[in-house]
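**Q** Can you keep this structure in mind? I'll have questions shortly.
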Amino acid sequence: MSRIYDCADESARKDGIADAASAVRRGELVVLPTDTVYGIGSDAFSPKAVARLLETKGRGRDMPPPVLVGSIRAATALIDDLGNHGRDLMEEFWPGPLTLVCTATPSLSWDLGDTKGTVAVRMPMDPVALELLKETGPMAVSSANKSGEPAATTAGEAIEQLGDEDVAVYLDGGSNESTVPSTIVDLTYAVPRVLRSGAVSIEQLRAVCGTVIGELRKGRTKPKKDEGAAEAAESGAEEQTEESGAETSRGPASETEAEGPRGDRSES
């Protein structure tokens, strides 16, 4: 039976975060608010917990979850190379609705699914999420809904879809004011590429990075290597449109961008 905590109450919030952190350490699943939509999360370094997360959502290893972090320092430990713009983007837009995709540190002992060596990372601007993440460390987090169904903007909507058997703790942070998904930017290329448009505009990105390639639209011809590699990012906890954004993904071979230069990989 799930335990539900009303985080508007200071005492319940404190107890809920402590309970949720303990649950994550035990390999259990928790639902948490973010600054976009509600997310379902697990310990990013527990393969069994991540597999359970994917199973609960009804998705396979080909749609690995992104990782939420509580600080820039925690994010940089997951990344092999920040590139030319990664640090600047994090400092400008984090915490906030920007997901960055880049090459993961090769020595990490985790299994998020078929990531092809990349990781999608975000630091959310939500006080409950940040408190939890600072207790648990990096969490694999996807939107708190069944695959193909609308993302949850309240804890109640998440409970309706996910039930009280698979999720140990629900942290109720109230209704989310914004349902605009995070912008997803791929930094494994020499030039940053927008994989999905969202709350951070391309004009804002260009003010930091200079040249940024816009999102590929349906019907446009894509290089073979761009066919689906960032499905991890597409499925973020914070991502309202995670299930419907396959056309913005990069190809399997390019999730690590093994086919080409990685000059501007920033952290994800």
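So you can find residues: chains in the structure tokens are A, B, ... in the order shown, residues in each start at 1, and ligands are numbered from 1 in order.
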Please provide as a PyMOL selection string all residues within 6 Å of range 164-175 of chain A, with the sequence filter that same-chain residues fewer than 2 positions apart are discarded (counting only C-alpha atoms).
**A** chain A and resi 1-7+20+29-33+153-155
**Q** Once you count only C-alpha atoms, what closest atom pair and distance in Å to one decimal does each residue of range 30-76 of chain A within 6 Å of range 118-142 of chain A have, with rows by chain and rising residue number, as JSON lines?
**A**
```
{"residue": "A:Thr34", "atom": "CA", "partner": "A:Asp126", "partner_atom": "CA", "distance": 5.3}
{"residue": "A:Asp35", "atom": "CA", "partner": "A:Asp126", "partner_atom": "CA", "distance": 5.2}
{"residue": "A:Gly39", "atom": "CA", "partner": "A:Ser142", "partner_atom": "CA", "distance": 5.4}
{"residue": "A:Ile40", "atom": "CA", "partner": "A:Val141", "partner_atom": "CA", "distance": 5.5}
{"residue": "A:Gly41", "atom": "CA", "partner": "A:Val141", "partner_atom": "CA", "distance": 4.1}
{"residue": "A:Ser42", "atom": "CA", "partner": "A:Ala140", "partner_atom": "CA", "distance": 5.4}
{"residue": "A:Asp43", "atom": "CA", "partner": "A:Met139", "partner_atom": "CA", "distance": 4.9}
{"residue": "A:Ala44", "atom": "CA", "partner": "A:Ala140", "partner_atom": "CA", "distance": 4.5}
{"residue": "A:Pro65", "atom": "CA", "partner": "A:Ser142", "partner_atom": "CA", "distance": 5.5}
{"residue": "A:Pro66", "atom": "CA", "partner": "A:Ala120", "partner_atom": "CA", "distance": 4.7}
{"residue": "A:Val67", "atom": "CA", "partner": "A:Ala140", "partner_atom": "CA", "distance": 4.5}
{"residue": "A:Leu68", "atom": "CA", "partner": "A:Arg122", "partner_atom": "CA", "distance": 5.0}
{"residue": "A:Val69", "atom": "CA", "partner": "A:Pro138", "partner_atom": "CA", "distance": 4.8}
{"residue": "A:Gly70", "atom": "CA", "partner": "A:Leu133", "partner_atom": "CA", "distance": 4.9}
```
**Q** Just list as an MDAnalysis selection string whatever in range 5-218 of chain A DSSP marks as strand (DSSP E or B).
**A** chainID A and resid 5:6 29:32 39:43 67:68 79 98:104 118:122 139:143 167:172 183:186 193:196 213
**Q** Take the selection from the previous step and output its residues with N, CA and C atoms, as a short mmCIF file (atom, residue, chain, number, x, y, z; two decimals), in the first residue's frame.
**A**
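New file again_26.cif:
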```cif
data_model
loop_
_atom_site.label_atom_id
_atom_site.label_comp_id
_atom_site.auth_asym_id
_atom_site.auth_seq_id
_atom_site.Cartn_x
_atom_site.Cartn_y
_atom_site.Cartn_z
N TYR A 5 1.95 11.67 1.08
CA TYR A 5 2.29 12.79 1.97
C TYR A 5 1.91 14.12 1.32
N ASP A 6 1.19 14.94 2.04
CA ASP A 6 0.83 16.28 1.59
C ASP A 6 1.98 17.23 1.92
N LEU A 29 10.01 2.43 -5.77
CA LEU A 29 9.63 3.54 -6.63
C LEU A 29 8.90 4.61 -5.84
N VAL A 30 9.12 5.87 -6.20
CA VAL A 30 8.41 6.98 -5.58
C VAL A 30 7.91 7.92 -6.67
N VAL A 31 6.84 8.63 -6.36
CA VAL A 31 6.32 9.65 -7.26
C VAL A 31 6.58 11.01 -6.62
N LEU A 32 7.08 11.94 -7.41
CA LEU A 32 7.47 13.25 -6.90
C LEU A 32 7.04 14.35 -7.86
N GLY A 39 6.67 13.03 -11.67
CA GLY A 39 7.56 11.99 -12.14
C GLY A 39 7.52 10.76 -11.26
N ILE A 40 7.84 9.63 -11.85
CA ILE A 40 8.04 8.40 -11.08
C ILE A 40 9.52 8.08 -11.14
N GLY A 41 10.13 7.86 -9.97
CA GLY A 41 11.57 7.74 -9.95
C GLY A 41 12.09 6.59 -9.12
N SER A 42 13.36 6.27 -9.38
CA SER A 42 14.05 5.21 -8.66
C SER A 42 15.52 5.57 -8.55
N ASP A 43 16.24 4.81 -7.78
CA ASP A 43 17.69 4.97 -7.68
C ASP A 43 18.29 4.72 -9.07
N VAL A 67 17.80 11.29 -16.09
CA VAL A 67 18.24 11.33 -14.70
C VAL A 67 18.06 12.74 -14.16
N LEU A 68 17.44 12.84 -13.00
CA LEU A 68 17.32 14.12 -12.32
C LEU A 68 18.37 14.22 -11.22
N ILE A 79 28.89 12.85 -16.24
CA ILE A 79 29.18 13.25 -17.62
C ILE A 79 30.65 13.06 -17.97
N LEU A 98 15.32 22.52 -18.66
CA LEU A 98 16.25 22.22 -19.75
C LEU A 98 16.91 20.87 -19.48
N THR A 99 16.70 19.93 -20.39
CA THR A 99 17.32 18.60 -20.30
C THR A 99 18.48 18.56 -21.28
N LEU A 100 19.63 18.14 -20.82
CA LEU A 100 20.83 18.07 -21.65
C LEU A 100 21.24 16.62 -21.86
N VAL A 101 21.51 16.28 -23.09
CA VAL A 101 21.91 14.91 -23.46
C VAL A 101 23.38 14.92 -23.84
N CYS A 102 24.15 14.06 -23.22
CA CYS A 102 25.57 13.98 -23.54
C CYS A 102 26.10 12.59 -23.20
N THR A 103 27.37 12.39 -23.47
CA THR A 103 27.98 11.10 -23.21
C THR A 103 28.18 10.88 -21.72
N ALA A 104 27.76 9.70 -21.25
CA ALA A 104 27.88 9.38 -19.84
C ALA A 104 29.31 8.96 -19.49
N THR A 118 24.86 7.32 -23.61
CA THR A 118 24.55 8.71 -23.27
C THR A 118 23.69 8.77 -22.02
N VAL A 119 23.50 9.98 -21.52
CA VAL A 119 22.60 10.20 -20.41
C VAL A 119 21.90 11.55 -20.62
N ALA A 120 20.64 11.59 -20.29
CA ALA A 120 19.88 12.84 -20.34
C ALA A 120 19.70 13.32 -18.90
N VAL A 121 20.15 14.54 -18.60
CA VAL A 121 20.18 15.01 -17.22
C VAL A 121 19.47 16.35 -17.08
N ARG A 122 18.79 16.52 -15.95
CA ARG A 122 18.14 17.79 -15.66
C ARG A 122 18.12 18.03 -14.15
N MET A 139 18.54 10.34 -9.55
CA MET A 139 17.43 9.41 -9.70
C MET A 139 17.03 9.28 -11.17
N ALA A 140 16.75 8.05 -11.58
CA ALA A 140 16.14 7.82 -12.88
C ALA A 140 14.67 8.20 -12.74
N VAL A 141 14.20 9.13 -13.55
CA VAL A 141 12.84 9.64 -13.39
C VAL A 141 12.17 9.78 -14.74
N SER A 142 10.97 9.24 -14.84
CA SER A 142 10.15 9.39 -16.04
C SER A 142 8.80 9.95 -15.61
N SER A 143 8.00 10.41 -16.56
CA SER A 143 6.72 11.01 -16.18
C SER A 143 5.83 9.98 -15.51
N VAL A 167 4.10 1.67 -6.43
CA VAL A 167 4.74 2.89 -5.93
C VAL A 167 4.71 2.89 -4.40
N ALA A 168 5.87 3.05 -3.78
CA ALA A 168 5.94 3.02 -2.31
C ALA A 168 5.46 4.33 -1.70
N VAL A 169 5.87 5.46 -2.29
CA VAL A 169 5.57 6.76 -1.70
C VAL A 169 5.13 7.75 -2.78
N TYR A 170 4.07 8.49 -2.48
CA TYR A 170 3.65 9.61 -3.31
C TYR A 170 3.90 10.90 -2.54
N LEU A 171 4.66 11.81 -3.13
CA LEU A 171 4.87 13.13 -2.55
C LEU A 171 3.95 14.11 -3.28
N ASP A 172 2.93 14.59 -2.58
CA ASP A 172 1.94 15.48 -3.18
C ASP A 172 2.38 16.92 -3.03
N THR A 183 12.80 21.70 -22.54
CA THR A 183 13.50 21.66 -23.82
C THR A 183 14.61 20.63 -23.71
N ILE A 184 14.77 19.82 -24.75
CA ILE A 184 15.83 18.81 -24.75
C ILE A 184 16.89 19.20 -25.77
N VAL A 185 18.12 19.31 -25.32
CA VAL A 185 19.24 19.70 -26.18
C VAL A 185 20.30 18.62 -26.18
N ASP A 186 20.72 18.22 -27.36
CA ASP A 186 21.76 17.21 -27.53
C ASP A 186 23.10 17.90 -27.68
N ARG A 193 22.07 20.65 -30.60
CA ARG A 193 20.88 20.40 -31.40
C ARG A 193 19.67 20.27 -30.49
N VAL A 194 18.58 20.94 -30.84
CA VAL A 194 17.34 20.83 -30.08
C VAL A 194 16.62 19.56 -30.53
N LEU A 195 16.43 18.62 -29.60
CA LEU A 195 15.70 17.40 -29.90
C LEU A 195 14.20 17.57 -29.69
N ARG A 196 13.84 18.44 -28.76
CA ARG A 196 12.44 18.77 -28.57
C ARG A 196 12.31 20.18 -28.03
N ILE A 213 21.21 24.22 -33.55
CA ILE A 213 20.37 23.64 -34.60
C ILE A 213 18.98 23.39 -34.04
#
```
**Q** Using only C-alpha atoms, find the one residue out of A:Leu112, A:Met63, A:Val37, A:Ala23 that sits nearest to Ala51 in chain A.
**A** A:Leu112
